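Q: Once you've had a glance at the structure underneath, I'll fire off some questions.
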Amino acid sequence: MSFTENPLEALSLEQLQARSSWKWRAYPDDVLPLWVAEMDVPLAPPVAESLHRAVAIGDTGYVAGTELVEAFQGFAARRWGWKTVEVDRTLVVVDVMNGFAQLLDAITDPGDSVIVNPPVYTPFYSYTQHHGRRIVEAPLGEDSRVNFESLDAAFMAARAESSRAVYLLANPHNPTGTVHTAAELTAILELAARHDVTVVSNEIHAPLVYSDASFTPLLSLPGAERAFSLTSASKAWNLAGAKAALLVGGADTAPELARIPAWTSRIASQLGVIAQAAAYNEGEEWLDALLIGLERNRALLAELLATHLPQVGYLRPEGTYMAWLDCRNIVPSDADDPAAVGNFGAMVGPAKLFYDEGKVAVTSGHVFGPGGMGRVRINFGTSTSILTDALTRMGQAARSLRT
């Protein structure tokens with residue numbers, strides 16, 4: 001396969017069903033899985049070659065050196081013009097959420113507050129609460145963008161209740177696919193400085209931004225000297241099972257980073273580091289081909305919704321390979337239930353309908369917190385044939401309610 005071919009069209013349904021990952025083993029073979037964040041692509045050739053070389057020589061020991069940090073430095077400079085990633089302020093961690101947990105222990109105490117923007121990636125809740133910190137919610141606006149009035153109130157409430165507060169931002173946002181602008185990020189940093197809140201930006205989907213938007217690394221902006229970002233090649237190159245990520249600190253974060261144990265970098269996967277370094281160093285041409293395919297799928301999804309589910313609300317994502325669908329006109333939703341957050345496999349409302357009647361697995365919106373009831377998140381990182389079949393089935397499921 002050449003880099004000019006669409007990776008999303010390279011594998012058949014039968015080949016995908018041979019996989020043993022969570023996406024393909026959670027449901028029976030007659031169900032089309034468009035839920036968890038795995039794409040239906042082969043590995044980028046440079047990534048596959050790097051793993052083959054490592055396995056051939058048994059290079060499966062503990063992580064050492066700065067190979068991954070340096071690879072990301074080059075990628076960030078080429079891709080986004082971000083040239084201030086410093087080796088001595090960047091730590092290798094197991095994955096972005098475990099990296100966040102390590103950082104949380106270093107910069108806050110039990111009982112301190114973490115502000116989030118629901119509906120949001122559900123591990124933001126579970127990791128925060130498991131570590132004994134309090135969630136403070138600043139819901140997104142109706143346009144799926146940061147609501148600054150809500151954020152200001154949440155910052156104020158968080159600081160009133162705890163000595164230290166952290167704002168955990170998703171950029172791009174999951175599940176909505178919103179890509180925050182440089183102006184929005186600058187305003188966030190100014191507001192955080194006013195309230196003495198530390199901003200931590202989860203930028204795992206950063207390479208997956210479309211031609212009608214532009215990704216801005218938080219730490220590339222003035223005012224981010226005390227902020228942090230977490231990133232990984234795992235989403236863009238489909239490497240969730242090759243565990244490695246990076247925790248990057250702003251210019252004034254050395255004391256906080258020093259509180260994180262040095263062994264943290266050793267417990268990432270050596271194969272993950274090797275694969276992700278290859279992705280950053282040699283995988284951009286493959287990534288560009290993928291983005292063309294994803295952008296086509298994004299357009300196809302809009303067409304399929306108009307044909308099969310015209311009553312569904314759809315705000316076109318600016319990044320990620322997820323779409324956030326408002327299905328309340330199909331299945332009226334109950335009020336948001338905070339106790340329902342956290343279980344990716346739980347299905348209610350439209351997600352249950354699409355599964356029971358259409359044999360399509362999507363992620364139920366309620367797991368993402370307030371604002372999620374009556375919605376679903378759909379993964380369009382698949383072939384056009386699977387996407388078309390899935391939306392056709394979902395349309396038939398919706399029509400079954402009226403017959």
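Every chain in the structure tokens has a letter given in the order shown (A, B, ...), and although residue numbers restart at 1 in each chain, ligands are simply numbered from 1 in the order shown.
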Write down as a PyMOL selection string the residues belonging to segment 11-203 of chain A that are assigned strand (DSSP E) by DSSP computed on the backbone.
A: chain A and resi 32-33+90-93+113-116+134-137+165-170+198-202
Q: Pick out the residues sitting within 12 Å of Glu149 of chain A, and hand them over as number ranges by chain; count only C-alpha atoms, and ignore anything fewer than 4 positions along from it in its own chain.
A: A: 138-141, 145, 153-156, 187-188, 191
Q: Output N, CA, C and O atoms for every residue in that selection, as a PDB file, in the first residue's frame.
A:
ATOM      1  N   ALA A 138     -18.261  22.935  33.919  1.00  0.00           N
ATOM      2  CA  ALA A 138     -18.509  24.155  33.156  1.00  0.00           C
ATOM      3  C   ALA A 138     -19.012  23.715  31.782  1.00  0.00           C
ATOM      4  O   ALA A 138     -18.231  23.560  30.839  1.00  0.00           O
ATOM      5  N   PRO A 139     -20.313  23.460  31.645  1.00  0.00           N
ATOM      6  CA  PRO A 139     -20.843  22.880  30.407  1.00  0.00           C
ATOM      7  C   PRO A 139     -20.524  23.721  29.169  1.00  0.00           C
ATOM      8  O   PRO A 139     -20.464  24.954  29.224  1.00  0.00           O
ATOM      9  N   LEU A 140     -20.314  23.023  28.054  1.00  0.00           N
ATOM     10  CA  LEU A 140     -20.149  23.705  26.775  1.00  0.00           C
ATOM     11  C   LEU A 140     -21.426  24.456  26.420  1.00  0.00           C
ATOM     12  O   LEU A 140     -22.515  24.132  26.900  1.00  0.00           O
ATOM     13  N   GLY A 141     -21.293  25.449  25.536  1.00  0.00           N
ATOM     14  CA  GLY A 141     -22.465  26.149  25.036  1.00  0.00           C
ATOM     15  C   GLY A 141     -23.225  25.315  24.023  1.00  0.00           C
ATOM     16  O   GLY A 141     -22.788  24.222  23.626  1.00  0.00           O
ATOM     17  N   ARG A 145     -18.980  24.924  21.934  1.00  0.00           N
ATOM     18  CA  ARG A 145     -17.737  25.628  22.223  1.00  0.00           C
ATOM     19  C   ARG A 145     -17.711  26.020  23.702  1.00  0.00           C
ATOM     20  O   ARG A 145     -18.726  25.942  24.398  1.00  0.00           O
ATOM     21  N   ALA A 153     -17.619  31.057  36.176  1.00  0.00           N
ATOM     22  CA  ALA A 153     -18.326  30.651  37.386  1.00  0.00           C
ATOM     23  C   ALA A 153     -17.726  29.378  37.971  1.00  0.00           C
ATOM     24  O   ALA A 153     -17.597  29.243  39.198  1.00  0.00           O
ATOM     25  N   ALA A 154     -17.325  28.438  37.101  1.00  0.00           N
ATOM     26  CA  ALA A 154     -16.740  27.186  37.578  1.00  0.00           C
ATOM     27  C   ALA A 154     -15.376  27.431  38.217  1.00  0.00           C
ATOM     28  O   ALA A 154     -15.047  26.843  39.257  1.00  0.00           O
ATOM     29  N   PHE A 155     -14.559  28.294  37.603  1.00  0.00           N
ATOM     30  CA  PHE A 155     -13.260  28.636  38.196  1.00  0.00           C
ATOM     31  C   PHE A 155     -13.456  29.261  39.576  1.00  0.00           C
ATOM     32  O   PHE A 155     -12.756  28.932  40.543  1.00  0.00           O
ATOM     33  N   MET A 156     -14.425  30.152  39.677  1.00  0.00           N
ATOM     34  CA  MET A 156     -14.679  30.831  40.950  1.00  0.00           C
ATOM     35  C   MET A 156     -15.125  29.820  42.010  1.00  0.00           C
ATOM     36  O   MET A 156     -14.644  29.837  43.156  1.00  0.00           O
ATOM     37  N   ALA A 187      -7.947  33.396  25.741  1.00  0.00           N
ATOM     38  CA  ALA A 187      -8.927  33.841  26.745  1.00  0.00           C
ATOM     39  C   ALA A 187      -8.990  32.869  27.918  1.00  0.00           C
ATOM     40  O   ALA A 187      -9.149  33.284  29.077  1.00  0.00           O
ATOM     41  N   ILE A 188      -8.863  31.573  27.643  1.00  0.00           N
ATOM     42  CA  ILE A 188      -8.838  30.573  28.716  1.00  0.00           C
ATOM     43  C   ILE A 188      -7.646  30.800  29.624  1.00  0.00           C
ATOM     44  O   ILE A 188      -7.761  30.786  30.861  1.00  0.00           O
ATOM     45  N   LEU A 191      -8.205  33.887  31.812  1.00  0.00           N
ATOM     46  CA  LEU A 191      -9.175  33.620  32.866  1.00  0.00           C
ATOM     47  C   LEU A 191      -8.557  32.735  33.954  1.00  0.00           C
ATOM     48  O   LEU A 191      -8.762  32.966  35.158  1.00  0.00           O
TER      49      LEU A 191
END
Q: Enumerate, in order of chain and increasing residue number, the residues of segment 137-233 of chain A with an atom no farther than 7 Å from segment 237-252 of chain A, each with its shortest atom pair and distance in Å to one decimal, counting only C-alpha atoms, as JSON lines.
A:
{"residue": "A:Leu219", "atom": "CA", "partner": "A:Gly250", "partner_atom": "CA", "distance": 6.1}
{"residue": "A:Ala224", "atom": "CA", "partner": "A:Gly250", "partner_atom": "CA", "distance": 6.0}
{"residue": "A:Glu225", "atom": "CA", "partner": "A:Gly250", "partner_atom": "CA", "distance": 4.3}
{"residue": "A:Arg226", "atom": "CA", "partner": "A:Asp252", "partner_atom": "CA", "distance": 5.3}
{"residue": "A:Ala227", "atom": "CA", "partner": "A:Gly250", "partner_atom": "CA", "distance": 5.3}
{"residue": "A:Phe228", "atom": "CA", "partner": "A:Gly249", "partner_atom": "CA", "distance": 4.5}
{"residue": "A:Ser229", "atom": "CA", "partner": "A:Val248", "partner_atom": "CA", "distance": 5.2}
{"residue": "A:Leu230", "atom": "CA", "partner": "A:Leu247", "partner_atom": "CA", "distance": 4.7}
{"residue": "A:Thr231", "atom": "CA", "partner": "A:Leu246", "partner_atom": "CA", "distance": 5.4}
{"residue": "A:Ser232", "atom": "CA", "partner": "A:Ala245", "partner_atom": "CA", "distance": 4.4}
{"residue": "A:Ala233", "atom": "CA", "partner": "A:Trp237", "partner_atom": "CA", "distance": 6.0}
Q: Calculated over only C-alpha atoms, which of the candidates A:Leu34, A:Ala101, A:Leu287, A:Ala71 has the smallest distance to Leu391 of chain A?
A: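 Ranking A:Leu34, A:Ala101, A:Leu287, A:Ala71 by distance to Leu391 of chain A, first place goes to A:Leu34.
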Q: Please provide as a PDB file with all heavy atoms, in the first residue's frame all residues within 8 Å of segment 110-113 of chain A, with the sequence filter that same-chain residues fewer than 6 positions apart are discarded (counting only C-alpha atoms).
A:
ATOM      1  N   HIS A 131      -8.936   9.537  42.062  1.00  0.00           N
ATOM      2  CA  HIS A 131      -7.818  10.128  42.789  1.00  0.00           C
ATOM      3  C   HIS A 131      -8.278  11.080  43.893  1.00  0.00           C
ATOM      4  O   HIS A 131      -7.464  11.828  44.436  1.00  0.00           O
ATOM      5  CB  HIS A 131      -6.866  10.835  41.813  1.00  0.00           C
ATOM      6  CG  HIS A 131      -5.954   9.876  41.114  1.00  0.00           C
ATOM      7  ND1 HIS A 131      -4.653   9.657  41.503  1.00  0.00           N
ATOM      8  CD2 HIS A 131      -6.171   9.029  40.078  1.00  0.00           C
ATOM      9  CE1 HIS A 131      -4.110   8.734  40.743  1.00  0.00           C
ATOM     10  NE2 HIS A 131      -5.006   8.341  39.863  1.00  0.00           N
ATOM     11  N   GLY A 132      -9.547  11.043  44.200  1.00  0.00           N
ATOM     12  CA  GLY A 132     -10.039  11.781  45.351  1.00  0.00           C
ATOM     13  C   GLY A 132     -10.163  13.274  45.136  1.00  0.00           C
ATOM     14  O   GLY A 132     -10.204  14.049  46.098  1.00  0.00           O
ATOM     15  N   ARG A 133     -10.258  13.696  43.879  1.00  0.00           N
ATOM     16  CA  ARG A 133     -10.474  15.111  43.591  1.00  0.00           C
ATOM     17  C   ARG A 133     -11.939  15.331  43.206  1.00  0.00           C
ATOM     18  O   ARG A 133     -12.642  14.419  42.799  1.00  0.00           O
ATOM     19  CB  ARG A 133      -9.567  15.581  42.444  1.00  0.00           C
ATOM     20  CG  ARG A 133      -8.171  16.016  42.881  1.00  0.00           C
ATOM     21  CD  ARG A 133      -7.365  14.906  43.499  1.00  0.00           C
ATOM     22  NE  ARG A 133      -5.973  15.295  43.768  1.00  0.00           N
ATOM     23  CZ  ARG A 133      -5.097  14.507  44.361  1.00  0.00           C
ATOM     24  NH1 ARG A 133      -5.437  13.286  44.768  1.00  0.00           N
ATOM     25  NH2 ARG A 133      -3.846  14.931  44.575  1.00  0.00           N
ATOM     26  N   ARG A 134     -12.360  16.559  43.324  1.00  0.00           N
ATOM     27  CA  ARG A 134     -13.749  16.932  43.080  1.00  0.00           C
ATOM     28  C   ARG A 134     -13.925  17.455  41.658  1.00  0.00           C
ATOM     29  O   ARG A 134     -13.113  18.236  41.181  1.00  0.00           O
ATOM     30  CB  ARG A 134     -14.204  18.015  44.059  1.00  0.00           C
ATOM     31  CG  ARG A 134     -14.130  17.621  45.514  1.00  0.00           C
ATOM     32  CD  ARG A 134     -14.438  18.800  46.420  1.00  0.00           C
ATOM     33  NE  ARG A 134     -15.759  19.371  46.153  1.00  0.00           N
ATOM     34  CZ  ARG A 134     -15.962  20.455  45.438  1.00  0.00           C
ATOM     35  NH1 ARG A 134     -14.938  21.122  44.899  1.00  0.00           N
ATOM     36  NH2 ARG A 134     -17.191  20.913  45.243  1.00  0.00           N
ATOM     37  N   ILE A 135     -15.007  17.051  41.012  1.00  0.00           N
ATOM     38  CA  ILE A 135     -15.349  17.558  39.685  1.00  0.00           C
ATOM     39  C   ILE A 135     -16.181  18.836  39.821  1.00  0.00           C
ATOM     40  O   ILE A 135     -17.145  18.885  40.587  1.00  0.00           O
ATOM     41  CB  ILE A 135     -16.142  16.512  38.879  1.00  0.00           C
ATOM     42  CG1 ILE A 135     -15.248  15.343  38.463  1.00  0.00           C
ATOM     43  CG2 ILE A 135     -16.807  17.152  37.667  1.00  0.00           C
ATOM     44  CD1 ILE A 135     -14.289  15.656  37.318  1.00  0.00           C
ATOM     45  N   VAL A 136     -15.801  19.862  39.075  1.00  0.00           N
ATOM     46  CA  VAL A 136     -16.610  21.070  38.923  1.00  0.00           C
ATOM     47  C   VAL A 136     -16.907  21.210  37.431  1.00  0.00           C
ATOM     48  O   VAL A 136     -15.982  21.213  36.620  1.00  0.00           O
ATOM     49  CB  VAL A 136     -15.891  22.318  39.461  1.00  0.00           C
ATOM     50  CG1 VAL A 136     -16.744  23.569  39.232  1.00  0.00           C
ATOM     51  CG2 VAL A 136     -15.560  22.155  40.948  1.00  0.00           C
ATOM     52  N   ALA A 158     -14.552  26.567  42.041  1.00  0.00           N
ATOM     53  CA  ALA A 158     -13.455  25.647  42.343  1.00  0.00           C
ATOM     54  C   ALA A 158     -12.474  26.274  43.322  1.00  0.00           C
ATOM     55  O   ALA A 158     -12.025  25.627  44.277  1.00  0.00           O
ATOM     56  CB  ALA A 158     -12.750  25.236  41.050  1.00  0.00           C
ATOM     57  N   ARG A 159     -12.131  27.527  43.104  1.00  0.00           N
ATOM     58  CA  ARG A 159     -11.155  28.184  43.971  1.00  0.00           C
ATOM     59  C   ARG A 159     -11.734  28.473  45.358  1.00  0.00           C
ATOM     60  O   ARG A 159     -11.004  28.521  46.345  1.00  0.00           O
ATOM     61  CB  ARG A 159     -10.663  29.477  43.318  1.00  0.00           C
ATOM     62  CG  ARG A 159      -9.838  29.264  42.073  1.00  0.00           C
ATOM     63  CD  ARG A 159      -8.511  28.536  42.355  1.00  0.00           C
ATOM     64  NE  ARG A 159      -7.573  29.408  43.042  1.00  0.00           N
ATOM     65  CZ  ARG A 159      -7.076  29.190  44.249  1.00  0.00           C
ATOM     66  NH1 ARG A 159      -7.431  28.115  44.944  1.00  0.00           N
ATOM     67  NH2 ARG A 159      -6.222  30.033  44.775  1.00  0.00           N
ATOM     68  N   GLU A 161     -13.576  26.446  46.934  1.00  0.00           N
ATOM     69  CA  GLU A 161     -13.710  25.184  47.653  1.00  0.00           C
ATOM     70  C   GLU A 161     -12.400  24.426  47.819  1.00  0.00           C
ATOM     71  O   GLU A 161     -12.367  23.406  48.518  1.00  0.00           O
ATOM     72  CB  GLU A 161     -14.725  24.296  46.912  1.00  0.00           C
ATOM     73  CG  GLU A 161     -16.132  24.884  46.891  1.00  0.00           C
ATOM     74  CD  GLU A 161     -17.033  24.203  45.886  1.00  0.00           C
ATOM     75  OE1 GLU A 161     -16.507  23.436  45.055  1.00  0.00           O
ATOM     76  OE2 GLU A 161     -18.256  24.429  45.935  1.00  0.00           O
ATOM     77  N   SER A 162     -11.321  24.865  47.169  1.00  0.00           N
ATOM     78  CA  SER A 162     -10.062  24.130  47.268  1.00  0.00           C
ATOM     79  C   SER A 162      -8.882  25.076  47.119  1.00  0.00           C
ATOM     80  O   SER A 162      -8.986  26.127  46.480  1.00  0.00           O
ATOM     81  CB  SER A 162     -10.002  23.024  46.212  1.00  0.00           C
ATOM     82  OG  SER A 162     -10.149  23.556  44.914  1.00  0.00           O
ATOM     83  N   SER A 163      -7.764  24.684  47.703  1.00  0.00           N
ATOM     84  CA  SER A 163      -6.570  25.529  47.648  1.00  0.00           C
ATOM     85  C   SER A 163      -5.916  25.508  46.279  1.00  0.00           C
ATOM     86  O   SER A 163      -5.257  26.468  45.881  1.00  0.00           O
ATOM     87  CB  SER A 163      -5.565  25.082  48.713  1.00  0.00           C
ATOM     88  OG  SER A 163      -5.200  23.722  48.511  1.00  0.00           O
ATOM     89  N   ARG A 164      -6.097  24.418  45.557  1.00  0.00           N
ATOM     90  CA  ARG A 164      -5.534  24.313  44.207  1.00  0.00           C
ATOM     91  C   ARG A 164      -6.630  23.806  43.273  1.00  0.00           C
ATOM     92  O   ARG A 164      -7.418  22.942  43.651  1.00  0.00           O
ATOM     93  CB  ARG A 164      -4.350  23.339  44.172  1.00  0.00           C
ATOM     94  CG  ARG A 164      -3.194  23.735  45.079  1.00  0.00           C
ATOM     95  CD  ARG A 164      -2.100  22.668  45.006  1.00  0.00           C
ATOM     96  NE  ARG A 164      -1.011  22.961  45.912  1.00  0.00           N
ATOM     97  CZ  ARG A 164      -0.971  22.575  47.180  1.00  0.00           C
ATOM     98  NH1 ARG A 164      -1.978  21.884  47.695  1.00  0.00           N
ATOM     99  NH2 ARG A 164       0.071  22.859  47.938  1.00  0.00           N
ATOM    100  N   ALA A 165      -6.639  24.311  42.064  1.00  0.00           N
ATOM    101  CA  ALA A 165      -7.647  23.881  41.095  1.00  0.00           C
ATOM    102  C   ALA A 165      -6.993  23.688  39.738  1.00  0.00           C
ATOM    103  O   ALA A 165      -6.072  24.420  39.357  1.00  0.00           O
ATOM    104  CB  ALA A 165      -8.775  24.903  40.994  1.00  0.00           C
ATOM    105  N   VAL A 166      -7.482  22.691  39.021  1.00  0.00           N
ATOM    106  CA  VAL A 166      -6.979  22.340  37.691  1.00  0.00           C
ATOM    107  C   VAL A 166      -8.136  22.377  36.701  1.00  0.00           C
ATOM    108  O   VAL A 166      -9.246  21.930  37.018  1.00  0.00           O
ATOM    109  CB  VAL A 166      -6.345  20.932  37.700  1.00  0.00           C
ATOM    110  CG1 VAL A 166      -6.090  20.427  36.288  1.00  0.00           C
ATOM    111  CG2 VAL A 166      -5.052  20.929  38.498  1.00  0.00           C
TER     112      VAL A 166
END
Q: Could you pull out the residues in segment 153-202 of chain A that DSSP calls helix (DSSP H, G or I) from the backbone, as a list of chain:residue names?
A: A:Ala153, A:Ala154, A:Phe155, A:Met156, A:Ala157, A:Ala158, A:Arg159, A:Ala160, A:Glu161, A:Ala182, A:Ala183, A:Glu184, A:Leu185, A:Thr186, A:Ala187, A:Ile188, A:Leu189, A:Glu190, A:Leu191, A:Ala192, A:Ala193, A:Arg194, A:His195
Q: From the list A:Leu168, A:Val197, A:Ala279, A:Leu8, which residue is nearest Met39 of chain A when using only C-alpha atoms?
A: A:Leu8
